[in-house]
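Shown here: run_38.cif, mmCIF, C-alpha atoms and all ligand atoms.
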```cif
data_start
loop_
_atom_site.group_PDB
_atom_site.id
_atom_site.type_symbol
_atom_site.label_atom_id
_atom_site.label_comp_id
_atom_site.auth_asym_id
_atom_site.auth_seq_id
_atom_site.Cartn_x
_atom_site.Cartn_y
_atom_site.Cartn_z
ATOM 1 C CA MET A 26 12.962 1.410 5.559
ATOM 2 C CA LEU A 27 10.726 -0.312 8.086
ATOM 3 C CA ARG A 28 7.517 1.561 8.821
ATOM 4 C CA PRO A 29 5.512 1.210 12.031
ATOM 5 C CA ILE A 30 2.337 -0.869 11.604
ATOM 6 C CA LEU A 31 -0.817 0.800 12.932
ATOM 7 C CA LYS A 32 -3.160 -1.214 15.130
ATOM 8 C CA TYR A 33 -6.934 -1.661 15.318
ATOM 9 C CA GLY A 34 -8.449 1.589 16.554
ATOM 10 C CA ASP A 35 -6.206 3.921 14.544
ATOM 11 C CA ARG A 36 -8.452 6.132 12.377
ATOM 12 C CA VAL A 37 -6.568 5.502 9.080
ATOM 13 C CA LEU A 38 -7.333 1.758 9.324
ATOM 14 C CA HIS A 39 -11.070 2.367 9.532
ATOM 15 C CA GLU A 40 -11.481 4.732 6.566
ATOM 16 C CA PRO A 41 -11.518 4.045 2.803
ATOM 17 C CA ALA A 42 -8.201 4.669 1.031
ATOM 18 C CA ARG A 43 -7.740 6.953 -1.997
ATOM 19 C CA THR A 44 -6.849 6.025 -5.576
ATOM 20 C CA VAL A 45 -3.159 6.480 -6.477
ATOM 21 C CA GLU A 46 -3.155 9.264 -9.087
ATOM 22 C CA ALA A 47 0.403 8.890 -10.425
ATOM 23 C CA MET A 48 3.323 6.510 -10.139
ATOM 24 C CA THR A 49 5.945 8.710 -8.487
ATOM 25 C CA PRO A 50 9.306 7.908 -6.868
ATOM 26 C CA GLU A 51 7.551 8.411 -3.491
ATOM 27 C CA ILE A 52 5.020 5.680 -4.355
ATOM 28 C CA ASP A 53 7.822 3.344 -5.438
ATOM 29 C CA ARG A 54 9.678 4.029 -2.167
ATOM 30 C CA LEU A 55 6.485 3.367 -0.201
ATOM 31 C CA VAL A 56 6.001 0.013 -1.996
ATOM 32 C CA GLY A 57 9.624 -0.934 -1.197
ATOM 33 C CA ASP A 58 9.118 -0.019 2.468
ATOM 34 C CA MET A 59 5.853 -1.985 2.599
ATOM 35 C CA ILE A 60 7.564 -5.127 1.234
ATOM 36 C CA GLU A 61 10.403 -4.766 3.752
ATOM 37 C CA THR A 62 7.939 -4.161 6.611
ATOM 38 C CA MET A 63 5.773 -7.158 5.594
ATOM 39 C CA TYR A 64 8.775 -9.532 5.529
ATOM 40 C CA ALA A 65 10.157 -8.185 8.816
ATOM 41 C CA ALA A 66 6.830 -8.599 10.641
ATOM 42 C CA PRO A 67 6.622 -11.356 9.210
ATOM 43 C CA GLY A 68 3.293 -11.404 7.414
ATOM 44 C CA VAL A 69 1.728 -12.589 4.150
ATOM 45 C CA GLY A 70 0.297 -9.182 3.235
ATOM 46 C CA LEU A 71 0.319 -5.488 4.030
ATOM 47 C CA ALA A 72 -1.854 -2.604 2.836
ATOM 48 C CA ALA A 73 -0.779 1.064 2.715
ATOM 49 C CA PRO A 74 -3.325 2.191 5.375
ATOM 50 C CA GLN A 75 -1.563 -0.174 7.818
ATOM 51 C CA VAL A 76 1.530 2.030 7.616
ATOM 52 C CA GLY A 77 -0.563 5.203 7.902
ATOM 53 C CA LEU A 78 -1.042 6.084 4.225
ATOM 54 C CA PRO A 79 -4.652 6.041 2.989
ATOM 55 C CA LEU A 80 -3.734 4.904 -0.542
ATOM 56 C CA ARG A 81 -5.025 1.979 -2.618
ATOM 57 C CA ILE A 82 -1.825 -0.116 -2.547
ATOM 58 C CA PHE A 83 -1.117 -3.550 -1.102
ATOM 59 C CA VAL A 84 1.649 -6.156 -1.181
ATOM 60 C CA VAL A 85 1.119 -9.914 -0.719
ATOM 61 C CA ASP A 86 3.538 -12.851 -0.548
ATOM 62 C CA ILE A 87 1.998 -16.053 0.739
ATOM 63 C CA SER A 88 5.485 -17.682 0.667
ATOM 64 C CA ILE A 89 6.758 -14.941 3.077
ATOM 65 C CA GLY A 90 9.884 -14.420 0.961
ATOM 66 C CA ASN A 91 10.658 -18.083 0.172
ATOM 67 C CA ASP A 92 9.553 -17.909 -3.463
ATOM 68 C CA PRO A 93 10.775 -14.837 -5.394
ATOM 69 C CA LEU A 94 7.853 -15.211 -7.831
ATOM 70 C CA ALA A 95 5.249 -15.137 -5.044
ATOM 71 C CA LEU A 96 5.487 -11.391 -4.350
ATOM 72 C CA LYS A 97 2.487 -9.476 -5.695
ATOM 73 C CA VAL A 98 2.201 -5.689 -5.655
ATOM 74 C CA PHE A 99 -1.188 -4.176 -6.491
ATOM 75 C CA ILE A 100 -1.904 -0.499 -7.055
ATOM 76 C CA ASN A 101 -5.544 0.598 -7.483
ATOM 77 C CA PRO A 102 -6.810 -3.020 -7.475
ATOM 78 C CA GLU A 103 -10.384 -3.943 -8.383
ATOM 79 C CA PHE A 104 -12.277 -7.218 -8.242
ATOM 80 C CA VAL A 105 -13.133 -8.697 -11.649
ATOM 81 C CA GLU A 106 -14.795 -11.858 -10.309
ATOM 82 C CA ARG A 107 -15.336 -13.713 -7.044
ATOM 83 C CA ASP A 108 -16.957 -17.070 -6.411
ATOM 84 C CA GLY A 109 -17.048 -20.094 -4.118
ATOM 85 C CA VAL A 110 -16.755 -20.178 -0.340
ATOM 86 C CA GLN A 111 -13.826 -20.879 2.009
ATOM 87 C CA LEU A 112 -13.759 -20.822 5.775
ATOM 88 C CA GLU A 113 -10.315 -20.459 7.343
ATOM 89 C CA GLU A 114 -8.549 -18.995 10.332
ATOM 90 C CA GLU A 115 -7.325 -15.456 9.651
ATOM 91 C CA GLY A 116 -5.151 -12.919 11.436
ATOM 92 C CA CYS A 117 -3.832 -9.425 10.728
ATOM 93 C CA LEU A 118 -0.630 -7.513 11.513
ATOM 94 C CA SER A 119 -2.864 -4.663 12.731
ATOM 95 C CA VAL A 120 -4.709 -6.965 15.153
ATOM 96 C CA PRO A 121 -1.749 -8.802 16.759
ATOM 97 C CA GLY A 122 -2.566 -11.735 19.008
ATOM 98 C CA PHE A 123 -6.046 -12.369 17.616
ATOM 99 C CA ASN A 124 -7.297 -14.914 15.092
ATOM 100 C CA ALA A 125 -10.748 -15.888 13.917
ATOM 101 C CA THR A 126 -12.436 -17.968 11.263
ATOM 102 C CA VAL A 127 -13.580 -15.739 8.415
ATOM 103 C CA VAL A 128 -15.860 -16.746 5.521
ATOM 104 C CA ARG A 129 -14.610 -15.568 2.118
ATOM 105 C CA PRO A 130 -15.037 -16.497 -1.556
ATOM 106 C CA SER A 131 -12.577 -19.247 -2.544
ATOM 107 C CA ARG A 132 -11.606 -17.618 -5.844
ATOM 108 C CA ALA A 133 -10.912 -13.988 -6.681
ATOM 109 C CA VAL A 134 -9.804 -12.388 -9.940
ATOM 110 C CA LEU A 135 -8.139 -9.044 -9.358
ATOM 111 C CA LYS A 136 -6.971 -6.392 -11.779
ATOM 112 C CA GLY A 137 -4.893 -3.288 -11.170
ATOM 113 C CA LEU A 138 -1.420 -1.906 -11.751
ATOM 114 C CA ASP A 139 1.886 -3.514 -10.808
ATOM 115 C CA ARG A 140 4.842 -1.707 -9.198
ATOM 116 C CA ALA A 141 6.001 -0.441 -12.623
ATOM 117 C CA GLY A 142 2.538 0.964 -13.333
ATOM 118 C CA ASN A 143 1.649 -1.687 -15.911
ATOM 119 C CA PRO A 144 -1.814 -3.305 -15.935
ATOM 120 C CA GLN A 145 -1.986 -6.790 -14.440
ATOM 121 C CA GLN A 146 -4.654 -9.360 -13.652
ATOM 122 C CA HIS A 147 -4.411 -12.355 -11.305
ATOM 123 C CA ASN A 148 -6.725 -15.305 -10.850
ATOM 124 C CA ALA A 149 -6.242 -16.448 -7.258
ATOM 125 C CA THR A 150 -7.609 -19.415 -5.320
ATOM 126 C CA GLY A 151 -7.223 -20.677 -1.749
ATOM 127 C CA LEU A 152 -4.826 -18.782 0.509
ATOM 128 C CA LEU A 153 -3.841 -16.263 -2.198
ATOM 129 C CA ALA A 154 -7.518 -15.435 -2.868
ATOM 130 C CA ARG A 155 -8.009 -15.001 0.891
ATOM 131 C CA ALA A 156 -4.940 -12.738 1.166
ATOM 132 C CA PHE A 157 -6.109 -10.590 -1.780
ATOM 133 C CA GLN A 158 -9.547 -10.164 -0.211
ATOM 134 C CA HIS A 159 -8.136 -9.397 3.240
ATOM 135 C CA GLU A 160 -5.950 -6.647 1.717
ATOM 136 C CA MET A 161 -8.812 -5.327 -0.451
ATOM 137 C CA ASP A 162 -10.829 -4.985 2.763
ATOM 138 C CA HIS A 163 -8.027 -2.823 4.231
ATOM 139 C CA LEU A 164 -8.392 -0.437 1.278
ATOM 140 C CA ASP A 165 -12.068 -0.025 2.183
ATOM 141 C CA GLY A 166 -11.373 0.534 5.888
ATOM 142 C CA THR A 167 -12.523 -2.959 6.889
ATOM 143 C CA LEU A 168 -10.568 -5.295 9.187
ATOM 144 C CA PHE A 169 -11.255 -9.030 9.594
ATOM 145 C CA VAL A 170 -12.741 -8.269 13.002
ATOM 146 C CA ASP A 171 -15.474 -6.229 11.243
ATOM 147 C CA ARG A 172 -16.433 -9.349 9.267
ATOM 148 C CA LEU A 173 -17.146 -11.345 12.432
ATOM 149 C CA ARG A 174 -20.551 -11.451 14.042
ATOM 150 C CA GLY A 175 -21.911 -11.639 17.567
ATOM 151 C CA ILE A 176 -19.955 -12.932 20.531
ATOM 152 C CA LYS A 177 -16.697 -13.617 18.662
ATOM 153 C CA ARG A 178 -16.468 -10.003 17.456
ATOM 154 C CA ASP A 179 -17.560 -8.499 20.806
ATOM 155 C CA LEU A 180 -14.965 -10.579 22.644
ATOM 156 C CA ILE A 181 -12.065 -9.377 20.466
ATOM 157 C CA VAL A 182 -13.208 -5.726 20.540
ATOM 158 C CA ARG A 183 -13.637 -5.834 24.315
ATOM 159 C CA ARG A 184 -10.172 -7.341 24.819
ATOM 160 C CA ILE A 185 -8.584 -4.708 22.529
ATOM 161 C CA LYS A 186 -10.332 -1.913 24.480
ATOM 162 C CA LYS A 187 -9.047 -3.374 27.718
ATOM 163 C CA LEU A 188 -5.476 -3.595 26.339
ATOM 164 C CA THR A 189 -5.794 0.014 25.059
ATOM 165 C CA ARG A 190 -6.910 1.281 28.498
ATOM 166 C CA ALA A 191 -3.981 -0.577 30.075
ATOM 167 C CA GLY A 192 -1.575 1.074 27.598
ATOM 168 C CA LYS A 193 -0.655 -2.344 26.153
ATOM 169 C CA TRP A 194 -2.074 -1.934 22.621
HETATM 170 ZN ZN ZN B 1 -4.616 -7.133 7.758
#
```
Once you've parsed the file, please lay out its structure as C-alpha cells.
Ligand SMILES: [Zn+2]
Amino acid sequence: MLRPILKYGDRVLHEPARTVEAMTPEIDRLVGDMIETMYAAPGVGLAAPQVGLPLRIFVVDISIGNDPLALKVFINPEFVERDGVQLEEEGCLSVPGFNATVVRPSRAVLKGLDRAGNPQQHNATGLLARAFQHEMDHLDGTLFVDRLRGIKRDLIVRRIKKLTRAGKW
C-alpha cells in the first residue's frame, strides 16, 4: 500500500524517532509499504518518519529497483564508523523541488537489523554511504536543509514558507 509522504514542516519529520521494540507483522507491513512508496515516488531512500511513523526504520535502493540485490532495509540502525568527505547534490522526497550540495563522510559502516530481524552490517561508500547518512538523519529529525548554512538554507526555508502560505506545499 502506498503511504502519503510528509513534507518539510510536518512535526514528525523534525523529531527523533523511537527504537523498534519488536518485529511484528505490523512492522513487516510498514516496511513493505515503505519499499512500495519509495519505488513509486521514485526515490533512492525512505525513512519511517516520512510516512508519519516515528520509528527507527529506513529503506534504501540506489538502483531504484533495477538491481534486486540493491534493496537495503535497516531497523534500529547505528553507525559503526564514518570517515572521509564527499560533497554532492542531494534532494529529499519530503522537500520536493529543492536540491543542495551537502557535505558528508564518504564512507559509512552501519549495523542494525534486517527485515527478518537478523543482525546485519554494511560498509558503504559513495552514493550508498550518502543515502545511509541521509536516512539516518531522518531518524534523528534532521533534514538535508538543516545541514545547510547561511543564505542557501534561508532561501529554501523562505520559499517553502511562501509555498505553505499559498497552499501549494
Ligand atoms: Zn529524505
So what does the PyMOL selection byres (((chain A and resi 33) around 9) and not hetatm) actually pick up in this one, as a PyMOL selection string?
chain A and resi 31-32+34-36+38-39+119-121+168+185+194
Write out as a PDB file with C-alpha atoms, in the frame of the given file each polymer residue (protein, DNA or RNA) that has an atom no more than 12 Å from ligand ZN 1 (chain B), with all atoms listed in the file counted.
```pdb
ATOM      1  CA  ILE A  30       2.337  -0.869  11.604  1.00  0.00           C
ATOM      2  CA  LEU A  31      -0.817   0.800  12.932  1.00  0.00           C
ATOM      3  CA  LYS A  32      -3.160  -1.214  15.130  1.00  0.00           C
ATOM      4  CA  TYR A  33      -6.934  -1.661  15.318  1.00  0.00           C
ATOM      5  CA  LEU A  38      -7.333   1.758   9.324  1.00  0.00           C
ATOM      6  CA  HIS A  39     -11.070   2.367   9.532  1.00  0.00           C
ATOM      7  CA  MET A  63       5.773  -7.158   5.594  1.00  0.00           C
ATOM      8  CA  ALA A  66       6.830  -8.599  10.641  1.00  0.00           C
ATOM      9  CA  GLY A  68       3.293 -11.404   7.414  1.00  0.00           C
ATOM     10  CA  VAL A  69       1.728 -12.589   4.150  1.00  0.00           C
ATOM     11  CA  GLY A  70       0.297  -9.182   3.235  1.00  0.00           C
ATOM     12  CA  LEU A  71       0.319  -5.488   4.030  1.00  0.00           C
ATOM     13  CA  ALA A  72      -1.854  -2.604   2.836  1.00  0.00           C
ATOM     14  CA  ALA A  73      -0.779   1.064   2.715  1.00  0.00           C
ATOM     15  CA  PRO A  74      -3.325   2.191   5.375  1.00  0.00           C
ATOM     16  CA  GLN A  75      -1.563  -0.174   7.818  1.00  0.00           C
ATOM     17  CA  VAL A  76       1.530   2.030   7.616  1.00  0.00           C
ATOM     18  CA  PHE A  83      -1.117  -3.550  -1.102  1.00  0.00           C
ATOM     19  CA  VAL A  84       1.649  -6.156  -1.181  1.00  0.00           C
ATOM     20  CA  VAL A  85       1.119  -9.914  -0.719  1.00  0.00           C
ATOM     21  CA  GLU A 115      -7.325 -15.456   9.651  1.00  0.00           C
ATOM     22  CA  GLY A 116      -5.151 -12.919  11.436  1.00  0.00           C
ATOM     23  CA  CYS A 117      -3.832  -9.425  10.728  1.00  0.00           C
ATOM     24  CA  LEU A 118      -0.630  -7.513  11.513  1.00  0.00           C
ATOM     25  CA  SER A 119      -2.864  -4.663  12.731  1.00  0.00           C
ATOM     26  CA  VAL A 120      -4.709  -6.965  15.153  1.00  0.00           C
ATOM     27  CA  PRO A 121      -1.749  -8.802  16.759  1.00  0.00           C
ATOM     28  CA  PHE A 123      -6.046 -12.369  17.616  1.00  0.00           C
ATOM     29  CA  ASN A 124      -7.297 -14.914  15.092  1.00  0.00           C
ATOM     30  CA  ARG A 155      -8.009 -15.001   0.891  1.00  0.00           C
ATOM     31  CA  ALA A 156      -4.940 -12.738   1.166  1.00  0.00           C
ATOM     32  CA  PHE A 157      -6.109 -10.590  -1.780  1.00  0.00           C
ATOM     33  CA  GLN A 158      -9.547 -10.164  -0.211  1.00  0.00           C
ATOM     34  CA  HIS A 159      -8.136  -9.397   3.240  1.00  0.00           C
ATOM     35  CA  GLU A 160      -5.950  -6.647   1.717  1.00  0.00           C
ATOM     36  CA  MET A 161      -8.812  -5.327  -0.451  1.00  0.00           C
ATOM     37  CA  ASP A 162     -10.829  -4.985   2.763  1.00  0.00           C
ATOM     38  CA  HIS A 163      -8.027  -2.823   4.231  1.00  0.00           C
ATOM     39  CA  LEU A 164      -8.392  -0.437   1.278  1.00  0.00           C
ATOM     40  CA  ASP A 165     -12.068  -0.025   2.183  1.00  0.00           C
ATOM     41  CA  GLY A 166     -11.373   0.534   5.888  1.00  0.00           C
ATOM     42  CA  THR A 167     -12.523  -2.959   6.889  1.00  0.00           C
ATOM     43  CA  LEU A 168     -10.568  -5.295   9.187  1.00  0.00           C
ATOM     44  CA  PHE A 169     -11.255  -9.030   9.594  1.00  0.00           C
ATOM     45  CA  VAL A 170     -12.741  -8.269  13.002  1.00  0.00           C
ATOM     46  CA  ASP A 171     -15.474  -6.229  11.243  1.00  0.00           C
TER      47      ASP A 171
END
```
When you draw a straight line from atom CA of A:Gly192 to atom CA of A:Leu173, how long is it in Å?
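Straight-line distance from atom CA of A:Gly192 to atom CA of A:Leu173 works out to 25.0 Å.
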At what distance in Å, to one decimal, does atom CA of A:Val56 lie from atom CA of A:Arg43?
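A separation of 15.4 Å between them.
Matched in the shown structure by the PyMOL selection byres (((chain A and resi 27) around 9) and not hetatm): Met26, Arg28, Pro29, Asp58, Met59, Ile60, Glu61, Thr62, Met63 and Ala65 of chain A.
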Keeping C-alpha atoms, export the residues of the selection given above as an mmCIF file, in the frame of the given file.
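And here is the file that came out, part-v9.cif:
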```cif
data_model
loop_
_atom_site.group_PDB
_atom_site.id
_atom_site.type_symbol
_atom_site.label_atom_id
_atom_site.label_comp_id
_atom_site.auth_asym_id
_atom_site.auth_seq_id
_atom_site.Cartn_x
_atom_site.Cartn_y
_atom_site.Cartn_z
ATOM 1 C CA MET A 26 12.962 1.410 5.559
ATOM 2 C CA ARG A 28 7.517 1.561 8.821
ATOM 3 C CA PRO A 29 5.512 1.210 12.031
ATOM 4 C CA ASP A 58 9.118 -0.019 2.468
ATOM 5 C CA MET A 59 5.853 -1.985 2.599
ATOM 6 C CA ILE A 60 7.564 -5.127 1.234
ATOM 7 C CA GLU A 61 10.403 -4.766 3.752
ATOM 8 C CA THR A 62 7.939 -4.161 6.611
ATOM 9 C CA MET A 63 5.773 -7.158 5.594
ATOM 10 C CA ALA A 65 10.157 -8.185 8.816
#
```
May I have the protein, DNA and RNA residues with an atom at most 12 Å from (3.1, 7.4, -11.5), counting all atoms listed in the file in the file's coordinates, returned as number ranges by chain?
A: 44-54, 100-101, 138-143
Go ahead and save the picked residues with C-alpha atoms, as a tab-separated table (two decimals), keeping the file's coordinate frame.
```
chain	number	residue	atom	x	y	z
A	44	THR	CA	-6.85	6.02	-5.58
A	45	VAL	CA	-3.16	6.48	-6.48
A	46	GLU	CA	-3.16	9.26	-9.09
A	47	ALA	CA	0.40	8.89	-10.42
A	48	MET	CA	3.32	6.51	-10.14
A	49	THR	CA	5.94	8.71	-8.49
A	50	PRO	CA	9.31	7.91	-6.87
A	51	GLU	CA	7.55	8.41	-3.49
A	52	ILE	CA	5.02	5.68	-4.36
A	53	ASP	CA	7.82	3.34	-5.44
A	54	ARG	CA	9.68	4.03	-2.17
A	100	ILE	CA	-1.90	-0.50	-7.06
A	101	ASN	CA	-5.54	0.60	-7.48
A	138	LEU	CA	-1.42	-1.91	-11.75
A	139	ASP	CA	1.89	-3.51	-10.81
A	140	ARG	CA	4.84	-1.71	-9.20
A	141	ALA	CA	6.00	-0.44	-12.62
A	142	GLY	CA	2.54	0.96	-13.33
A	143	ASN	CA	1.65	-1.69	-15.91
```
Tell me which residues come within 10 Å of (-8.5, -16.7, -9.7), as number ranges by chain, counting all atoms listed in the file in the file's coordinates.
A: 105-108, 131-135, 146-151, 153-154
Evaluating the PyMOL selection byres (((chain A and resi 86) around 6) and not hetatm) on the displayed file yields which residues, as a list of chain:residue names?
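Checking the PyMOL selection byres (((chain A and resi 86) around 6) and not hetatm) against this file, the residues are A:Val69, A:Val85, A:Ile87, A:Ser88, A:Ile89, A:Ala95, A:Leu96.
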Edge lengths and centre in Å to one decimal, as lines of an AutoDock Vina configuration file, is what I'm after for the box along x, y and z that holds all listed atoms of stretch 121-130 of chain A once 6 Å is added on each side.
```
center_x = -8.8
center_y = -13.4
center_z = 8.7
size_x = 26.1
size_y = 21.2
size_z = 32.6
```
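Coordinates place atom CA of A:Gln145 at a distance of 22.6 Å from atom CA of A:Gly109.
Restricting the calculation to all atoms listed in the file, the smallest distance between A:Arg172 and any of A:Ala42, A:Leu80, A:Val37, A:Val127 is found for A:Val127.
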Using only C-alpha atoms, which residues sit within 7 Å of A:Val128 once same-chain residues fewer than 5 positions away are excluded, as number ranges by chain?
A: 110-113
With all atoms listed in the file as the atoms that count, which of A:Glu40, A:Gly57, A:Val98, A:Asp92 lies nearest to A:Gly77?
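Of A:Glu40, A:Gly57, A:Val98, A:Asp92, the one nearest A:Gly77 is A:Glu40, counting all atoms listed in the file.
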Which of these residues is nearest to A:Pro130, using all atoms listed in the file: A:Leu152, A:Ile82, A:Phe99, A:Ile181?
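Once distances to A:Pro130 are computed over all atoms listed in the file, the minimum belongs to A:Leu152.
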